[in-house]
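So this block is target07.csv, CSV, N, CA and C atoms:
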```
chain,number,residue,atom,x,y,z
M,1,MET,N,47.2,-183.7,-59.9
M,1,MET,CA,46.0,-183.2,-60.5
M,1,MET,C,45.2,-184.3,-61.1
M,2,THR,N,43.9,-184.4,-60.8
M,2,THR,CA,43.1,-185.4,-61.3
M,2,THR,C,42.4,-184.9,-62.5
M,3,THR,N,42.3,-185.8,-63.5
M,3,THR,CA,41.6,-185.4,-64.7
M,3,THR,C,40.3,-186.1,-64.7
M,4,THR,N,39.2,-185.3,-64.9
M,4,THR,CA,37.9,-185.9,-65.0
M,4,THR,C,37.4,-185.5,-66.4
M,5,LYS,N,36.6,-186.4,-67.0
M,5,LYS,CA,36.0,-186.2,-68.3
M,5,LYS,C,34.5,-186.4,-68.2
M,6,GLN,N,33.8,-185.5,-68.7
M,6,GLN,CA,32.3,-185.6,-68.7
M,6,GLN,C,31.9,-186.1,-70.0
M,7,THR,N,31.4,-187.4,-70.0
M,7,THR,CA,30.9,-188.0,-71.3
M,7,THR,C,29.4,-187.5,-71.5
M,8,ASN,N,28.7,-187.3,-70.4
M,8,ASN,CA,27.4,-186.7,-70.5
M,8,ASN,C,27.1,-186.1,-69.1
M,9,ALA,N,26.1,-185.4,-68.9
M,9,ALA,CA,25.8,-184.7,-67.7
M,9,ALA,C,25.6,-185.7,-66.5
M,10,LYS,N,25.2,-186.9,-66.7
M,10,LYS,CA,25.0,-187.8,-65.7
M,10,LYS,C,26.1,-188.8,-65.4
M,11,SER,N,27.2,-188.8,-66.2
M,11,SER,CA,28.2,-189.8,-66.1
M,11,SER,C,29.6,-189.2,-66.0
M,12,PRO,N,30.0,-188.6,-64.9
M,12,PRO,CA,31.4,-188.2,-64.8
M,12,PRO,C,32.3,-189.4,-64.7
M,13,THR,N,33.5,-189.2,-65.2
M,13,THR,CA,34.5,-190.3,-65.2
M,13,THR,C,35.8,-189.8,-64.6
M,14,HIS,N,36.7,-190.7,-64.3
M,14,HIS,CA,38.0,-190.4,-63.7
M,14,HIS,C,39.0,-191.2,-64.5
M,15,ILE,N,40.2,-190.5,-64.7
M,15,ILE,CA,41.3,-191.2,-65.3
M,15,ILE,C,42.4,-191.2,-64.3
M,16,LEU,N,42.9,-192.4,-63.9
M,16,LEU,CA,43.9,-192.6,-62.9
M,16,LEU,C,45.2,-191.9,-63.3
M,17,GLN,N,45.8,-191.1,-62.4
M,17,GLN,CA,47.0,-190.3,-62.7
M,17,GLN,C,48.2,-190.9,-62.0
M,18,ASP,N,48.1,-191.8,-61.0
M,18,ASP,CA,49.2,-192.3,-60.2
M,18,ASP,C,50.0,-193.3,-61.1
M,19,GLN,N,51.1,-192.9,-61.6
M,19,GLN,CA,51.8,-193.8,-62.6
M,19,GLN,C,52.3,-195.1,-61.9
M,20,ASP,N,52.7,-195.0,-60.6
M,20,ASP,CA,53.1,-196.3,-60.0
M,20,ASP,C,51.9,-197.3,-59.9
M,21,GLN,N,50.7,-196.8,-59.7
M,21,GLN,CA,49.5,-197.7,-59.7
M,21,GLN,C,49.2,-198.2,-61.1
M,22,ILE,N,49.3,-197.3,-62.0
M,22,ILE,CA,49.1,-197.7,-63.4
M,22,ILE,C,50.1,-198.8,-63.8
M,23,ASP,N,51.3,-198.6,-63.5
M,23,ASP,CA,52.4,-199.6,-63.8
M,23,ASP,C,52.1,-200.9,-63.1
M,24,ALA,N,51.7,-200.9,-61.9
M,24,ALA,CA,51.4,-202.1,-61.1
M,24,ALA,C,50.2,-202.9,-61.7
M,25,ILE,N,49.2,-202.1,-62.1
M,25,ILE,CA,48.0,-202.7,-62.7
M,25,ILE,C,48.3,-203.3,-64.0
M,26,ALA,N,49.0,-202.6,-64.8
M,26,ALA,CA,49.4,-203.1,-66.2
M,26,ALA,C,50.3,-204.4,-66.0
M,27,LYS,N,51.2,-204.4,-65.1
M,27,LYS,CA,52.0,-205.6,-64.8
M,27,LYS,C,51.2,-206.8,-64.5
M,28,ARG,N,50.2,-206.6,-63.6
M,28,ARG,CA,49.3,-207.6,-63.2
M,28,ARG,C,48.5,-208.1,-64.3
M,29,MET,N,48.0,-207.2,-65.2
M,29,MET,CA,47.2,-207.6,-66.3
M,29,MET,C,48.0,-208.4,-67.4
M,30,LYS,N,49.3,-208.0,-67.6
M,30,LYS,CA,50.1,-208.7,-68.5
M,30,LYS,C,50.4,-210.1,-68.0
M,31,ARG,N,50.6,-210.2,-66.7
M,31,ARG,CA,50.8,-211.6,-66.1
M,31,ARG,C,49.5,-212.4,-66.3
M,32,ALA,N,48.4,-211.8,-66.1
M,32,ALA,CA,47.1,-212.6,-66.4
M,32,ALA,C,47.0,-212.9,-67.9
M,33,GLN,N,47.4,-212.1,-68.7
M,33,GLN,CA,47.4,-212.3,-70.2
M,33,GLN,C,48.3,-213.6,-70.5
M,34,GLY,N,49.4,-213.7,-69.9
M,34,GLY,CA,50.3,-214.8,-70.1
M,34,GLY,C,49.7,-216.1,-69.5
M,35,GLN,N,49.0,-215.9,-68.4
M,35,GLN,CA,48.3,-217.1,-67.8
M,35,GLN,C,47.2,-217.6,-68.6
M,36,ILE,N,46.5,-216.7,-69.3
M,36,ILE,CA,45.4,-217.1,-70.2
M,36,ILE,C,46.0,-217.9,-71.4
M,37,GLY,N,47.1,-217.5,-71.9
M,37,GLY,CA,47.7,-218.2,-73.0
M,37,GLY,C,48.1,-219.6,-72.5
M,38,ALA,N,48.6,-219.7,-71.2
M,38,ALA,CA,49.0,-221.0,-70.7
M,38,ALA,C,47.8,-221.9,-70.5
M,39,VAL,N,46.6,-221.4,-70.1
M,39,VAL,CA,45.4,-222.2,-70.0
M,39,VAL,C,45.0,-222.7,-71.4
M,40,VAL,N,45.0,-221.9,-72.4
M,40,VAL,CA,44.7,-222.3,-73.7
M,40,VAL,C,45.6,-223.5,-74.1
M,41,ARG,N,46.9,-223.4,-73.9
M,41,ARG,CA,47.8,-224.5,-74.2
M,41,ARG,C,47.5,-225.7,-73.4
M,42,MET,N,47.2,-225.5,-72.1
M,42,MET,CA,46.8,-226.7,-71.3
M,42,MET,C,45.6,-227.4,-71.8
M,43,LEU,N,44.6,-226.6,-72.2
M,43,LEU,CA,43.4,-227.3,-72.8
M,43,LEU,C,43.7,-228.0,-74.1
M,44,GLU,N,44.5,-227.4,-74.9
M,44,GLU,CA,44.9,-228.0,-76.2
M,44,GLU,C,45.7,-229.3,-76.0
M,45,GLU,N,46.5,-229.3,-74.9
M,45,GLU,CA,47.3,-230.4,-74.7
M,45,GLU,C,46.6,-231.5,-73.9
M,46,GLY,N,45.4,-231.3,-73.5
M,46,GLY,CA,44.6,-232.3,-72.7
M,46,GLY,C,45.0,-232.4,-71.3
M,47,ARG,N,45.5,-231.3,-70.7
M,47,ARG,CA,45.8,-231.3,-69.2
M,47,ARG,C,44.6,-231.6,-68.4
M,48,ASN,N,44.9,-232.0,-67.2
M,48,ASN,CA,43.8,-232.4,-66.3
M,48,ASN,C,43.0,-231.2,-65.8
M,49,CYS,N,41.8,-231.4,-65.4
M,49,CYS,CA,40.9,-230.3,-65.0
M,49,CYS,C,41.4,-229.5,-63.8
M,50,GLU,N,42.0,-230.2,-62.8
M,50,GLU,CA,42.4,-229.6,-61.6
M,50,GLU,C,43.5,-228.5,-61.9
M,51,ASP,N,44.5,-228.9,-62.8
M,51,ASP,CA,45.5,-228.0,-63.2
M,51,ASP,C,44.9,-226.7,-63.9
M,52,VAL,N,44.0,-227.0,-64.8
M,52,VAL,CA,43.4,-225.9,-65.6
M,52,VAL,C,42.6,-225.0,-64.6
M,53,VAL,N,41.8,-225.6,-63.8
M,53,VAL,CA,41.0,-224.7,-62.8
M,53,VAL,C,41.9,-223.9,-61.9
M,54,THR,N,43.0,-224.5,-61.5
M,54,THR,CA,44.0,-223.8,-60.6
M,54,THR,C,44.5,-222.6,-61.3
M,55,GLN,N,44.8,-222.7,-62.6
M,55,GLN,CA,45.3,-221.6,-63.4
M,55,GLN,C,44.2,-220.5,-63.6
M,56,LEU,N,43.0,-221.0,-63.9
M,56,LEU,CA,41.8,-220.1,-64.0
M,56,LEU,C,41.6,-219.3,-62.7
M,57,ALA,N,41.7,-219.9,-61.6
M,57,ALA,CA,41.6,-219.2,-60.3
M,57,ALA,C,42.6,-218.2,-60.2
M,58,ALA,N,43.9,-218.5,-60.6
M,58,ALA,CA,44.9,-217.5,-60.5
M,58,ALA,C,44.7,-216.3,-61.4
M,59,ILE,N,44.1,-216.6,-62.6
M,59,ILE,CA,43.8,-215.5,-63.5
M,59,ILE,C,42.7,-214.6,-62.9
M,60,ASN,N,41.7,-215.3,-62.4
M,60,ASN,CA,40.5,-214.5,-61.8
M,60,ASN,C,41.0,-213.6,-60.7
M,61,LYS,N,41.9,-214.1,-59.8
M,61,LYS,CA,42.4,-213.3,-58.7
M,61,LYS,C,43.2,-212.1,-59.2
M,62,ALA,N,44.1,-212.4,-60.3
M,62,ALA,CA,44.9,-211.3,-60.8
M,62,ALA,C,44.0,-210.2,-61.4
M,63,VAL,N,43.0,-210.6,-62.2
M,63,VAL,CA,42.1,-209.6,-62.8
M,63,VAL,C,41.3,-208.8,-61.8
M,64,THR,N,40.8,-209.6,-60.8
M,64,THR,CA,40.0,-208.9,-59.8
M,64,THR,C,40.8,-208.0,-58.9
M,65,THR,N,42.0,-208.4,-58.6
M,65,THR,CA,42.9,-207.5,-57.8
M,65,THR,C,43.2,-206.3,-58.6
M,66,ALA,N,43.5,-206.4,-59.9
M,66,ALA,CA,43.8,-205.2,-60.7
M,66,ALA,C,42.6,-204.3,-60.7
M,67,GLY,N,41.4,-204.8,-60.8
M,67,GLY,CA,40.2,-204.0,-60.8
M,67,GLY,C,40.0,-203.3,-59.5
M,68,PHE,N,40.2,-204.0,-58.4
M,68,PHE,CA,40.1,-203.3,-57.0
M,68,PHE,C,41.2,-202.3,-56.9
M,69,THR,N,42.4,-202.5,-57.4
M,69,THR,CA,43.4,-201.6,-57.2
M,69,THR,C,43.1,-200.3,-58.1
M,70,LEU,N,42.6,-200.5,-59.3
M,70,LEU,CA,42.3,-199.4,-60.1
M,70,LEU,C,41.2,-198.5,-59.4
M,71,ILE,N,40.2,-199.1,-58.9
M,71,ILE,CA,39.1,-198.4,-58.3
M,71,ILE,C,39.5,-197.7,-57.0
M,72,SER,N,40.2,-198.4,-56.2
M,72,SER,CA,40.6,-197.8,-54.9
M,72,SER,C,41.6,-196.7,-55.1
M,73,ALA,N,42.5,-196.8,-56.1
M,73,ALA,CA,43.4,-195.7,-56.4
M,73,ALA,C,42.7,-194.5,-56.9
M,74,SER,N,41.7,-194.8,-57.8
M,74,SER,CA,40.9,-193.7,-58.3
M,74,SER,C,40.1,-193.0,-57.3
M,75,LEU,N,39.5,-193.8,-56.4
M,75,LEU,CA,38.7,-193.2,-55.3
M,75,LEU,C,39.6,-192.3,-54.4
M,76,LYS,N,40.8,-192.7,-54.1
M,76,LYS,CA,41.8,-192.0,-53.3
M,76,LYS,C,42.1,-190.6,-54.0
M,77,GLU,N,42.3,-190.7,-55.3
M,77,GLU,CA,42.6,-189.4,-56.0
M,77,GLU,C,41.4,-188.5,-56.0
M,78,CYS,N,40.2,-189.1,-56.2
M,78,CYS,CA,39.0,-188.2,-56.2
M,78,CYS,C,38.8,-187.5,-54.9
M,79,ILE,N,39.0,-188.3,-53.8
M,79,ILE,CA,38.8,-187.7,-52.5
M,79,ILE,C,39.8,-186.7,-52.2
M,80,GLU,N,41.1,-186.9,-52.5
M,80,GLU,CA,42.1,-186.0,-52.3
M,80,GLU,C,42.0,-184.7,-53.2
M,81,ASP,N,41.5,-184.9,-54.4
M,81,ASP,CA,41.4,-183.8,-55.3
M,81,ASP,C,40.3,-182.8,-54.9
M,82,ASN,N,39.2,-183.3,-54.4
M,82,ASN,CA,38.1,-182.6,-53.9
M,82,ASN,C,37.5,-181.5,-54.9
M,83,LYS,N,37.4,-182.0,-56.1
M,83,LYS,CA,36.7,-181.1,-57.2
M,83,LYS,C,35.2,-181.1,-57.0
M,84,ASN,N,34.6,-180.2,-57.7
M,84,ASN,CA,33.1,-180.1,-57.5
M,84,ASN,C,32.4,-181.4,-57.8
M,85,ASN,N,32.8,-182.1,-58.8
M,85,ASN,CA,32.1,-183.3,-59.2
M,85,ASN,C,32.7,-184.6,-58.6
M,86,SER,N,33.6,-184.4,-57.6
M,86,SER,CA,34.3,-185.6,-57.1
M,86,SER,C,33.3,-186.5,-56.3
M,87,GLN,N,32.3,-185.9,-55.7
M,87,GLN,CA,31.3,-186.8,-55.1
M,87,GLN,C,30.6,-187.7,-56.1
M,88,ALA,N,30.2,-187.2,-57.2
M,88,ALA,CA,29.6,-188.0,-58.3
M,88,ALA,C,30.5,-189.0,-58.8
M,89,VAL,N,31.8,-188.7,-59.0
M,89,VAL,CA,32.8,-189.6,-59.5
M,89,VAL,C,33.0,-190.7,-58.4
M,90,THR,N,33.1,-190.3,-57.2
M,90,THR,CA,33.3,-191.2,-56.1
M,90,THR,C,32.1,-192.2,-56.0
M,91,GLU,N,30.9,-191.8,-56.1
M,91,GLU,CA,29.8,-192.6,-56.1
M,91,GLU,C,29.8,-193.6,-57.3
M,92,LYS,N,30.2,-193.2,-58.5
M,92,LYS,CA,30.3,-194.1,-59.6
M,92,LYS,C,31.4,-195.1,-59.4
M,93,LEU,N,32.5,-194.7,-58.8
M,93,LEU,CA,33.6,-195.6,-58.6
M,93,LEU,C,33.2,-196.6,-57.5
M,94,GLN,N,32.5,-196.2,-56.5
M,94,GLN,CA,32.0,-197.1,-55.5
M,94,GLN,C,31.1,-198.2,-56.1
M,95,LYS,N,30.2,-197.8,-57.0
M,95,LYS,CA,29.4,-198.8,-57.7
M,95,LYS,C,30.2,-199.8,-58.5
M,96,LEU,N,31.3,-199.3,-59.1
M,96,LEU,CA,32.2,-200.2,-59.9
M,96,LEU,C,32.9,-201.1,-58.9
M,97,PHE,N,33.3,-200.6,-57.7
M,97,PHE,CA,33.9,-201.4,-56.7
M,97,PHE,C,33.0,-202.6,-56.3
M,98,LEU,N,31.7,-202.2,-56.0
M,98,LEU,CA,30.8,-203.2,-55.6
M,98,LEU,C,30.5,-204.2,-56.7
M,99,SER,N,30.6,-203.8,-58.0
M,99,SER,CA,30.4,-204.8,-59.1
M,99,SER,C,31.4,-205.9,-59.1
M,100,LEU,N,32.6,-205.6,-58.6
M,100,LEU,CA,33.6,-206.7,-58.5
M,100,LEU,C,33.5,-207.6,-57.3
M,101,ALA,N,32.8,-207.1,-56.3
M,101,ALA,CA,32.7,-207.9,-55.0
M,101,ALA,C,31.8,-209.1,-55.2
```
Have the structure of the file written as structure tokens, please.
Amino acid sequence: MTTTKQTNAKSPTHILQDQDQIDAIAKRMKRAQGQIGAVVRMLEEGRNCEDVVTQLAAINKAVTTAGFTLISASLKECIEDNKNNSQAVTEKLQKLFLSLA
């Protein structure tokens, strides 16, 4: 069952229900959180730019992948659920997807 919440008449939202996807996204974000701490330490220790940028690229990829995973899993649930407002939710999620591209 997909849960949708109406914050106002023009803005339907979706809450991801797939616990496996939620766990995978949370794991990826926790990894990115650890990488951010490592970058801060690297900067404070005066590490070279190449190493710092390599870590920043890894963080960017992790966060972007988490965003794409969240949106694609939500789109899948909306399409499968086929509720009355699923088209509006799908359109909103598609816009979010494009904002990450």
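For the pair atom CA of His14 of chain M and atom CA of Arg28 of chain M, the interatomic distance is 20.6 Å.
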Practice task
Fewer than 5 positions away in the same chain doesn't count, so skip those; otherwise give me all residues within 10 Å of segment 33-36 of chain M, counting only C-alpha atoms, as a ChimeraX atom specification.
Solution key: /M:27-28,41-42,55-56,58-59,62-63
inquiry  = Let's see if you can do this: from backbone DSSP, list all strand (DSSP E) residues in chain M, as a PyMOL selection string.
reply    = chain M and resi 3-6+12-15
Original post:
Quick one: residues within 8 Å of Phe97 of chain M, only N, CA and C atoms counted, chain neighbours fewer than 5 positions away excluded, as a PyMOL selection string?
Top reply: chain M and resi 67-68+71-72+91-92
Practice item. Could you find all residues in chain M that DSSP calls alpha helix (DSSP H) from the backbone, and write them as number ranges by chain? Key: M: 19-44, 49-81, 86-100
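Between atom C of Ala57 of chain M and atom C of Ala101 of chain M there is a distance of 15.0 Å.
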Quiz item: Mind pulling up the distance from atom C of Thr65 of chain M to atom C of Gln17 of chain M?
Solution: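 Distance reported for this atom pair: 16.5 Å.
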Residues near Ile25 of chain M, anyone? I mean within 8 Å using only C-alpha atoms, not counting same-chain ones fewer than 3 positions away, as a list in words. Gln21, Ile22, Arg28, Met29, Ala66, Thr69 and Leu70 of chain M
